[in-house]
Each structure stands twice: as C-alpha cells, then as structure tokens.
$ cat work33.cif   # mmCIF, N, CA and C atoms
data_target
loop_
_atom_site.label_atom_id
_atom_site.label_comp_id
_atom_site.auth_asym_id
_atom_site.auth_seq_id
_atom_site.Cartn_x
_atom_site.Cartn_y
_atom_site.Cartn_z
N MET A 157 29.80 53.26 -15.08
CA MET A 157 30.33 54.26 -15.97
C MET A 157 29.32 55.38 -16.08
N ALA A 158 29.80 56.58 -16.04
CA ALA A 158 28.92 57.74 -15.98
C ALA A 158 28.28 58.03 -17.33
N ALA A 159 27.08 58.57 -17.25
CA ALA A 159 26.38 59.05 -18.44
C ALA A 159 27.06 60.34 -18.92
N PRO A 160 26.80 60.76 -20.15
CA PRO A 160 27.36 62.03 -20.63
C PRO A 160 27.00 63.18 -19.69
N ARG A 161 27.95 64.12 -19.55
CA ARG A 161 27.75 65.26 -18.66
C ARG A 161 27.66 66.55 -19.48
N ASP A 162 26.76 67.43 -19.09
CA ASP A 162 26.60 68.71 -19.78
C ASP A 162 27.79 69.63 -19.58
N ASP A 163 28.55 69.46 -18.48
CA ASP A 163 29.67 70.34 -18.20
C ASP A 163 30.99 69.84 -18.81
N CYS A 164 30.94 68.77 -19.60
CA CYS A 164 32.14 68.20 -20.21
C CYS A 164 32.15 68.51 -21.70
N VAL A 165 33.19 69.19 -22.17
CA VAL A 165 33.26 69.57 -23.58
C VAL A 165 33.28 68.35 -24.49
N PHE A 166 33.95 67.26 -24.09
CA PHE A 166 34.00 66.08 -24.95
C PHE A 166 32.67 65.32 -24.94
N CYS A 167 31.93 65.38 -23.85
CA CYS A 167 30.58 64.80 -23.86
C CYS A 167 29.71 65.55 -24.87
N ARG A 168 29.86 66.87 -24.90
CA ARG A 168 29.07 67.68 -25.85
C ARG A 168 29.51 67.40 -27.29
N ILE A 169 30.83 67.26 -27.51
CA ILE A 169 31.33 66.96 -28.85
C ILE A 169 30.86 65.58 -29.29
N ALA A 170 30.88 64.61 -28.38
CA ALA A 170 30.42 63.27 -28.72
C ALA A 170 28.94 63.30 -29.11
N ARG A 171 28.18 64.15 -28.46
CA ARG A 171 26.75 64.23 -28.73
C ARG A 171 26.45 65.07 -29.98
N ASP A 172 27.09 66.24 -30.10
CA ASP A 172 26.69 67.22 -31.11
C ASP A 172 27.81 67.67 -32.05
N GLY A 173 28.98 67.08 -31.95
CA GLY A 173 30.12 67.58 -32.72
C GLY A 173 30.08 67.24 -34.20
N ASP A 174 31.07 67.73 -34.91
CA ASP A 174 31.22 67.48 -36.34
C ASP A 174 32.02 66.18 -36.50
N HIS A 175 31.33 65.06 -36.47
CA HIS A 175 31.97 63.75 -36.47
C HIS A 175 32.45 63.38 -37.86
N VAL A 176 33.67 62.85 -37.92
CA VAL A 176 34.18 62.32 -39.18
C VAL A 176 33.89 60.83 -39.27
N ALA A 177 33.60 60.19 -38.12
CA ALA A 177 33.22 58.78 -38.09
C ALA A 177 32.43 58.55 -36.80
N ARG A 178 31.59 57.53 -36.83
CA ARG A 178 30.76 57.22 -35.66
C ARG A 178 30.44 55.73 -35.68
N THR A 179 30.40 55.15 -34.50
CA THR A 179 29.92 53.79 -34.32
C THR A 179 29.18 53.76 -32.99
N ASP A 180 28.58 52.66 -32.67
CA ASP A 180 27.82 52.55 -31.43
C ASP A 180 28.72 52.83 -30.22
N GLY A 181 28.50 53.97 -29.58
CA GLY A 181 29.22 54.31 -28.36
C GLY A 181 30.46 55.15 -28.52
N PHE A 182 30.91 55.40 -29.76
CA PHE A 182 32.17 56.12 -29.98
C PHE A 182 32.06 57.02 -31.20
N VAL A 183 32.78 58.14 -31.16
CA VAL A 183 32.83 59.05 -32.30
C VAL A 183 34.29 59.44 -32.56
N ALA A 184 34.54 59.92 -33.76
CA ALA A 184 35.85 60.48 -34.11
C ALA A 184 35.63 61.87 -34.69
N VAL A 185 36.49 62.80 -34.28
CA VAL A 185 36.45 64.17 -34.77
C VAL A 185 37.87 64.59 -35.12
N ASN A 186 37.99 65.61 -35.95
CA ASN A 186 39.30 66.21 -36.20
C ASN A 186 39.70 67.04 -34.99
N ASP A 187 40.97 66.94 -34.59
CA ASP A 187 41.47 67.75 -33.49
C ASP A 187 41.54 69.20 -33.94
N LEU A 188 41.11 70.12 -33.09
CA LEU A 188 41.13 71.55 -33.43
C LEU A 188 42.53 72.14 -33.42
N SER A 189 43.48 71.47 -32.76
CA SER A 189 44.88 71.90 -32.73
C SER A 189 45.76 70.74 -33.18
N PRO A 190 45.71 70.42 -34.46
CA PRO A 190 46.41 69.22 -34.94
C PRO A 190 47.92 69.27 -34.76
N ARG A 191 48.48 68.13 -34.41
CA ARG A 191 49.92 67.97 -34.24
C ARG A 191 50.51 67.11 -35.35
N ALA A 192 49.71 66.82 -36.37
CA ALA A 192 50.12 66.02 -37.52
C ALA A 192 49.17 66.36 -38.67
N PRO A 193 49.55 66.01 -39.91
CA PRO A 193 48.65 66.28 -41.03
C PRO A 193 47.25 65.69 -40.83
N VAL A 194 47.16 64.52 -40.23
CA VAL A 194 45.88 63.95 -39.83
C VAL A 194 45.95 63.74 -38.32
N HIS A 195 45.01 64.36 -37.59
CA HIS A 195 44.98 64.24 -36.13
C HIS A 195 43.52 64.13 -35.72
N LEU A 196 43.12 62.91 -35.43
CA LEU A 196 41.75 62.63 -34.99
C LEU A 196 41.72 62.44 -33.48
N LEU A 197 40.56 62.68 -32.89
CA LEU A 197 40.28 62.30 -31.51
C LEU A 197 39.17 61.27 -31.55
N VAL A 198 39.38 60.14 -30.92
CA VAL A 198 38.33 59.13 -30.77
C VAL A 198 37.83 59.23 -29.34
N ILE A 199 36.52 59.45 -29.21
CA ILE A 199 35.93 59.79 -27.92
C ILE A 199 34.78 58.84 -27.62
N PRO A 200 34.76 58.22 -26.42
CA PRO A 200 33.57 57.47 -26.04
C PRO A 200 32.41 58.42 -25.78
N GLU A 201 31.20 58.00 -26.12
CA GLU A 201 30.03 58.83 -25.86
C GLU A 201 29.75 58.95 -24.37
N ARG A 202 30.01 57.88 -23.62
CA ARG A 202 29.81 57.93 -22.17
C ARG A 202 31.02 58.59 -21.52
N HIS A 203 30.78 59.26 -20.41
CA HIS A 203 31.86 59.96 -19.74
C HIS A 203 32.71 59.00 -18.92
N VAL A 204 33.99 58.96 -19.25
CA VAL A 204 35.01 58.23 -18.51
C VAL A 204 36.17 59.20 -18.37
N ASP A 205 36.58 59.49 -17.13
CA ASP A 205 37.58 60.54 -16.91
C ASP A 205 38.92 60.30 -17.59
N THR A 206 39.45 59.09 -17.49
CA THR A 206 40.82 58.86 -17.90
C THR A 206 41.02 57.41 -18.31
N PHE A 207 42.12 57.12 -18.96
CA PHE A 207 42.47 55.76 -19.36
C PHE A 207 42.57 54.84 -18.14
N ARG A 208 42.89 55.39 -16.99
CA ARG A 208 42.95 54.57 -15.77
C ARG A 208 41.62 53.88 -15.50
N ASP A 209 40.53 54.41 -16.03
CA ASP A 209 39.19 53.86 -15.82
C ASP A 209 38.73 52.98 -16.97
N VAL A 210 39.62 52.62 -17.88
CA VAL A 210 39.23 51.85 -19.06
C VAL A 210 38.64 50.49 -18.67
N GLY A 211 38.97 49.98 -17.50
CA GLY A 211 38.41 48.72 -17.03
C GLY A 211 36.91 48.77 -16.80
N LEU A 212 36.33 49.97 -16.79
CA LEU A 212 34.88 50.10 -16.65
C LEU A 212 34.14 49.66 -17.91
N PHE A 213 34.86 49.62 -19.04
CA PHE A 213 34.25 49.13 -20.28
C PHE A 213 34.19 47.61 -20.23
N SER A 214 33.13 47.05 -20.77
CA SER A 214 33.06 45.60 -20.90
C SER A 214 34.11 45.14 -21.90
N PRO A 215 34.52 43.87 -21.86
CA PRO A 215 35.47 43.39 -22.86
C PRO A 215 35.00 43.64 -24.30
N GLU A 216 33.70 43.43 -24.55
CA GLU A 216 33.16 43.67 -25.89
C GLU A 216 33.27 45.14 -26.28
N GLU A 217 32.96 46.02 -25.34
CA GLU A 217 33.02 47.46 -25.60
C GLU A 217 34.46 47.91 -25.82
N SER A 218 35.39 47.37 -25.05
CA SER A 218 36.82 47.70 -25.23
C SER A 218 37.29 47.26 -26.61
N LYS A 219 36.90 46.07 -27.02
CA LYS A 219 37.28 45.57 -28.34
C LYS A 219 36.71 46.47 -29.43
N ARG A 220 35.44 46.84 -29.29
CA ARG A 220 34.79 47.71 -30.27
C ARG A 220 35.48 49.07 -30.34
N MET A 221 35.90 49.59 -29.17
CA MET A 221 36.58 50.88 -29.12
C MET A 221 37.90 50.81 -29.89
N LEU A 222 38.69 49.78 -29.65
CA LEU A 222 39.97 49.67 -30.34
C LEU A 222 39.79 49.42 -31.83
N GLU A 223 38.80 48.64 -32.20
CA GLU A 223 38.52 48.43 -33.63
C GLU A 223 38.10 49.74 -34.28
N PHE A 224 37.34 50.56 -33.55
CA PHE A 224 36.90 51.85 -34.10
C PHE A 224 38.08 52.81 -34.28
N VAL A 225 39.05 52.77 -33.38
CA VAL A 225 40.25 53.59 -33.57
C VAL A 225 40.86 53.27 -34.93
N ASP A 226 41.00 51.99 -35.25
CA ASP A 226 41.56 51.58 -36.54
C ASP A 226 40.64 51.98 -37.70
N GLU A 227 39.33 51.77 -37.55
CA GLU A 227 38.39 52.15 -38.61
C GLU A 227 38.45 53.64 -38.89
N ALA A 228 38.52 54.46 -37.85
CA ALA A 228 38.57 55.91 -38.03
C ALA A 228 39.85 56.30 -38.76
N ALA A 229 40.97 55.69 -38.37
CA ALA A 229 42.25 55.99 -39.03
C ALA A 229 42.19 55.62 -40.51
N ARG A 230 41.71 54.44 -40.79
CA ARG A 230 41.63 54.00 -42.19
C ARG A 230 40.63 54.84 -42.98
N GLY A 231 39.55 55.25 -42.32
CA GLY A 231 38.57 56.12 -42.96
C GLY A 231 39.14 57.48 -43.32
N ALA A 232 40.17 57.90 -42.57
CA ALA A 232 40.85 59.17 -42.85
C ALA A 232 41.96 58.98 -43.89
N GLY A 233 42.08 57.76 -44.42
CA GLY A 233 43.08 57.50 -45.46
C GLY A 233 44.42 57.06 -44.93
N LEU A 234 44.51 56.75 -43.64
CA LEU A 234 45.79 56.37 -43.05
C LEU A 234 45.98 54.86 -43.10
N GLN A 235 47.18 54.44 -43.46
CA GLN A 235 47.56 53.03 -43.32
C GLN A 235 48.50 52.88 -42.13
N ASP A 236 49.38 53.84 -41.96
CA ASP A 236 50.31 53.86 -40.83
C ASP A 236 49.96 55.08 -39.98
N TYR A 237 49.91 54.86 -38.68
CA TYR A 237 49.51 55.95 -37.79
C TYR A 237 49.96 55.64 -36.37
N ARG A 238 49.88 56.65 -35.53
CA ARG A 238 50.24 56.54 -34.12
C ARG A 238 48.98 56.76 -33.29
N VAL A 239 48.83 56.00 -32.20
CA VAL A 239 47.72 56.15 -31.27
C VAL A 239 48.32 56.55 -29.93
N LEU A 240 47.79 57.61 -29.35
CA LEU A 240 48.35 58.18 -28.13
C LEU A 240 47.24 58.51 -27.15
N VAL A 241 47.46 58.20 -25.87
CA VAL A 241 46.53 58.57 -24.81
C VAL A 241 47.34 59.25 -23.72
N ASN A 242 46.97 60.46 -23.36
CA ASN A 242 47.59 61.16 -22.23
C ASN A 242 46.82 60.78 -20.98
N VAL A 243 47.51 60.31 -19.97
CA VAL A 243 46.88 59.83 -18.74
C VAL A 243 47.33 60.69 -17.57
N GLY A 244 46.48 61.62 -17.15
CA GLY A 244 46.78 62.49 -16.03
C GLY A 244 47.45 63.78 -16.45
N PRO A 245 47.37 64.78 -15.59
CA PRO A 245 47.92 66.10 -15.92
C PRO A 245 49.42 66.09 -16.16
N GLY A 246 50.15 65.24 -15.46
CA GLY A 246 51.60 65.17 -15.65
C GLY A 246 52.00 64.65 -17.01
N ALA A 247 51.09 63.96 -17.67
CA ALA A 247 51.35 63.44 -19.01
C ALA A 247 50.72 64.30 -20.09
N GLY A 248 50.10 65.40 -19.69
CA GLY A 248 49.53 66.32 -20.67
C GLY A 248 48.04 66.20 -20.88
N GLN A 249 47.33 65.39 -20.07
CA GLN A 249 45.88 65.32 -20.22
C GLN A 249 45.28 66.62 -19.72
N THR A 250 44.56 67.32 -20.61
CA THR A 250 43.95 68.60 -20.25
C THR A 250 42.43 68.53 -20.23
N VAL A 251 41.87 67.54 -20.92
CA VAL A 251 40.42 67.32 -20.91
C VAL A 251 40.20 65.97 -20.24
N PHE A 252 39.48 65.96 -19.13
CA PHE A 252 39.31 64.74 -18.37
C PHE A 252 38.06 63.98 -18.80
N HIS A 253 38.17 63.51 -20.04
CA HIS A 253 37.23 62.59 -20.67
C HIS A 253 38.13 61.74 -21.56
N LEU A 254 38.16 60.44 -21.32
CA LEU A 254 39.03 59.55 -22.09
C LEU A 254 38.92 59.85 -23.57
N HIS A 255 40.06 59.94 -24.24
CA HIS A 255 40.08 60.10 -25.68
C HIS A 255 41.41 59.61 -26.22
N TRP A 256 41.37 59.13 -27.43
CA TRP A 256 42.54 58.60 -28.12
C TRP A 256 42.93 59.60 -29.22
N HIS A 257 44.20 59.96 -29.26
CA HIS A 257 44.72 60.75 -30.37
C HIS A 257 45.19 59.78 -31.45
N VAL A 258 44.74 59.98 -32.67
CA VAL A 258 45.18 59.19 -33.81
C VAL A 258 45.91 60.16 -34.73
N LEU A 259 47.21 59.97 -34.85
CA LEU A 259 48.05 60.90 -35.61
C LEU A 259 48.70 60.17 -36.77
N GLY A 260 48.70 60.83 -37.91
CA GLY A 260 49.33 60.20 -39.06
C GLY A 260 49.73 61.17 -40.12
N ASP A 261 50.50 60.63 -41.02
CA ASP A 261 50.96 61.33 -42.19
C ASP A 261 49.76 61.66 -43.07
N ALA A 262 49.94 62.63 -43.93
CA ALA A 262 48.87 62.95 -44.87
C ALA A 262 48.60 61.74 -45.75
N PRO A 263 47.34 61.48 -46.08
CA PRO A 263 47.01 60.33 -46.92
C PRO A 263 47.75 60.32 -48.25
N SER A 264 48.21 61.49 -48.71
CA SER A 264 48.92 61.55 -49.99
C SER A 264 50.31 60.93 -49.91
N GLY A 265 50.80 60.62 -48.70
CA GLY A 265 52.10 59.99 -48.56
C GLY A 265 53.22 60.96 -48.28
N GLU A 266 52.90 62.19 -47.90
CA GLU A 266 53.94 63.15 -47.55
C GLU A 266 54.74 62.62 -46.37
N ASP A 267 55.93 63.16 -46.16
CA ASP A 267 56.76 62.74 -45.03
C ASP A 267 56.10 63.09 -43.71
N VAL A 268 56.39 62.29 -42.68
CA VAL A 268 55.91 62.57 -41.33
C VAL A 268 56.61 63.82 -40.84
N PRO A 269 55.88 64.81 -40.29
CA PRO A 269 56.51 66.02 -39.79
C PRO A 269 57.54 65.70 -38.71
N SER A 270 58.61 66.49 -38.63
CA SER A 270 59.67 66.23 -37.65
C SER A 270 59.13 66.27 -36.23
N GLU A 271 58.13 67.12 -35.95
CA GLU A 271 57.55 67.20 -34.62
C GLU A 271 56.89 65.88 -34.23
N LEU A 272 56.21 65.23 -35.19
CA LEU A 272 55.58 63.95 -34.93
C LEU A 272 56.64 62.86 -34.79
N ALA A 273 57.64 62.88 -35.65
CA ALA A 273 58.71 61.88 -35.57
C ALA A 273 59.45 61.97 -34.25
N ALA A 274 59.59 63.19 -33.71
CA ALA A 274 60.29 63.38 -32.43
C ALA A 274 59.53 62.79 -31.26
N MET A 275 58.22 62.55 -31.42
CA MET A 275 57.42 61.96 -30.35
C MET A 275 57.71 60.48 -30.16
N SER A 276 58.38 59.85 -31.16
CA SER A 276 58.56 58.40 -31.06
C SER A 276 59.51 58.03 -29.96
N SER A 277 59.24 56.85 -29.43
CA SER A 277 60.15 56.35 -28.40
C SER A 277 60.40 54.89 -28.60
#

$ encode --input "work33.cif" --output "structure tokens"
Amino acid sequence: MAAPRDDCVFCRIARDGDHVARTDGFVAVNDLSPRAPVHLLVIPERHVDTFRDVGLFSPEESKRMLEFVDEAARGAGLQDYRVLVNVGPGAGQTVFHLHWHVLGDAPSGEDVPSELAAMSS
C-alpha cells in the first residue's frame, strides 16, 4: 500500500485537513460540497486509489476502518445514515484516493432531503 502522496488532495487533507474525527490511520472531514445535512468523508491516511484495492488493508485495518466510519457518524450526531463509495469514473469517483461518504439527516431529526432519499435503491 502506498505512502501518502504530495500530489493527492486527499493525502494532503488526511495529513493537514480540518478533521472532525481521527483514529489511527483514518480521518473524517466535512465534505466541501455536501449532498445531505451531514456529509462526512472518511479517508485513509495511506494512499489507496480505489475501493477495488481495499484488499490491501489487513483484516484488522479493514475492521478498524469500518468501525471508524460508524464512530465518525455517531460523533456527528447521526444514528441513521448512509455509507457510499464511488468506484471508478463511471460511478462518479473524481478523486482517486479511497474515501467513504457518510450521509445523514441533520442530528436535530429533520426530514431526509428528497435528493438523498432519491439515492436509495
């Protein structure tokens, strides 16, 4: 698995960004173009291009990553939320550094926006 790269915006965010949560090897930040009242990005600190490469993580690291997705969501006040990964350009991946979108309703309990509800399948 590759070390962080200076030419990767998510490597820089993982290193120096405005983190809302952090654990060993992973960070969470608010998405700059939110698609829901709460929209976090969970980013590994090490550079991994896409979800197709998730097998490069050890089983322990994969478990920690998924637990951190939940911790970040709960830390943002979410009990119910959606986790989304775009894999490849045809699916909308625009930054080629693995990241998880965590989308949810406002912690106050407002209704889920129609745009977010329309994403369900």

$ closest_residue --input "work33.cif" --among "A:Gly246, A:Val239, A:Asp209, A:Asp174" --to "His195 (chain A)" --atoms "only C-alpha atoms"
A:Val239

$ residues_near_point --input "work33.cif" --point "(41.9, 52.1, -34.1)" --cutoff "10 Å" --atoms "only C-alpha atoms" --output "list in words"
Val198, Lys219, Arg220, Met221, Leu222, Glu223, Phe224, Val225, Asp226, Glu227, Ala228, Ala229, Arg230, Tyr237, Arg238, Val239, Trp256, His257 and Val258 of chain A

$ closest_residue --input "work33.cif" --among "A:Cys167, A:Asp162, A:Leu254, A:Val185" --to "Gly211 (chain A)" --atoms "only C-alpha atoms"
A:Leu254

$ resolve_selection --input "work33.cif" --expression "the PyMOL selection byres ((chain A and resi 160) around 5)" --output "number ranges by chain"
A: 158-159, 161-162, 202-203

$ atom_distance --input "work33.cif" --atom1 "CA of His255 (chain A)" --atom2 "CA of Asp236 (chain A)"
19.3 Å

$ select_by_dssp --input "work33.cif" --residues "chain A" --states "helix (DSSP H, G or I)" --output "MDAnalysis selection string"
chainID A and resid 165:172 207:212 215:231 245:247 270:273

$ closest_residue --input "work33.cif" --among "A:Asn242, A:Gln235, A:Ser218, A:Thr179" --to "Val194 (chain A)" --atoms "only C-alpha atoms"
A:Gln235

$ atom_distance --input "work33.cif" --atom1 "atom C of Ile199 (chain A)" --atom2 "CA of Val183 (chain A)"
5.1 Å

$ closest_residue --input "work33.cif" --among "A:Val241, A:Leu234, A:Leu212, A:Ile169" --to "Gly260 (chain A)" --atoms "only N, CA and C atoms"
A:Leu234

$ atom_distance --input "work33.cif" --atom1 "CA of Val243 (chain A)" --atom2 "CA of Thr206 (chain A)"
6.2 Å

$ closest_residue --input "work33.cif" --among "A:Cys164, A:Pro245, A:Asp187, A:Asp180" --to "Glu217 (chain A)" --atoms "only C-alpha atoms"
A:Asp180

$ closest_residue --input "work33.cif" --among "A:Asp172, A:Asp261, A:Asp205, A:Asp163" --to "Gly233 (chain A)" --atoms "all atoms listed in the file"
A:Asp261

$ select_by_dssp --input "work33.cif" --residues "chain A" --states "strand (DSSP E or B)" --output "PyMOL selection string"
chain A and resi 158+175-179+182-186+194-200+203+237-240+256-260

$ decode --input "work33.cif" --residues "region 215-247 of chain A" --atoms "C-alpha atoms" --output "JSON list (two decimals), in the first residue's frame"
[["chain", "number", "residue", "atom", "x", "y", "z"],
["A", 215, "PRO", "CA", -8.17, -7.64, 8.19],
["A", 216, "GLU", "CA", -7.52, -5.68, 11.40],
["A", 217, "GLU", "CA", -7.11, -2.41, 9.48],
["A", 218, "SER", "CA", -10.29, -3.06, 7.46],
["A", 219, "LYS", "CA", -12.23, -3.71, 10.66],
["A", 220, "ARG", "CA", -10.83, -0.53, 12.23],
["A", 221, "MET", "CA", -11.76, 1.46, 9.11],
["A", 222, "LEU", "CA", -15.38, 0.27, 9.16],
["A", 223, "GLU", "CA", -15.67, 0.85, 12.91],
["A", 224, "PHE", "CA", -14.32, 4.37, 12.39],
["A", 225, "VAL", "CA", -16.97, 5.07, 9.73],
["A", 226, "ASP", "CA", -19.58, 4.32, 12.41],
["A", 227, "GLU", "CA", -17.72, 6.29, 15.11],
["A", 228, "ALA", "CA", -17.47, 9.34, 12.85],
["A", 229, "ALA", "CA", -21.18, 9.16, 12.01],
["A", 230, "ARG", "CA", -22.18, 8.86, 15.65],
["A", 231, "GLY", "CA", -19.75, 11.62, 16.58],
["A", 232, "ALA", "CA", -21.60, 13.86, 14.10],
["A", 233, "GLY", "CA", -24.84, 13.08, 15.95],
["A", 234, "LEU", "CA", -26.17, 10.55, 13.44],
["A", 235, "GLN", "CA", -27.98, 7.38, 14.44],
["A", 236, "ASP", "CA", -29.23, 6.55, 10.94],
["A", 237, "TYR", "CA", -27.03, 7.25, 7.96],
["A", 238, "ARG", "CA", -25.95, 6.08, 4.53],
["A", 239, "VAL", "CA", -22.42, 4.98, 3.56],
["A", 240, "LEU", "CA", -21.44, 5.32, -0.08],
["A", 241, "VAL", "CA", -18.27, 4.59, -2.05],
["A", 242, "ASN", "CA", -17.91, 5.58, -5.71],
["A", 243, "VAL", "CA", -15.71, 3.05, -7.50],
["A", 244, "GLY", "CA", -14.26, 4.27, -10.80],
["A", 245, "PRO", "CA", -15.08, 7.21, -13.03],
["A", 246, "GLY", "CA", -18.25, 5.59, -14.40],
["A", 247, "ALA", "CA", -19.66, 5.53, -10.87]]
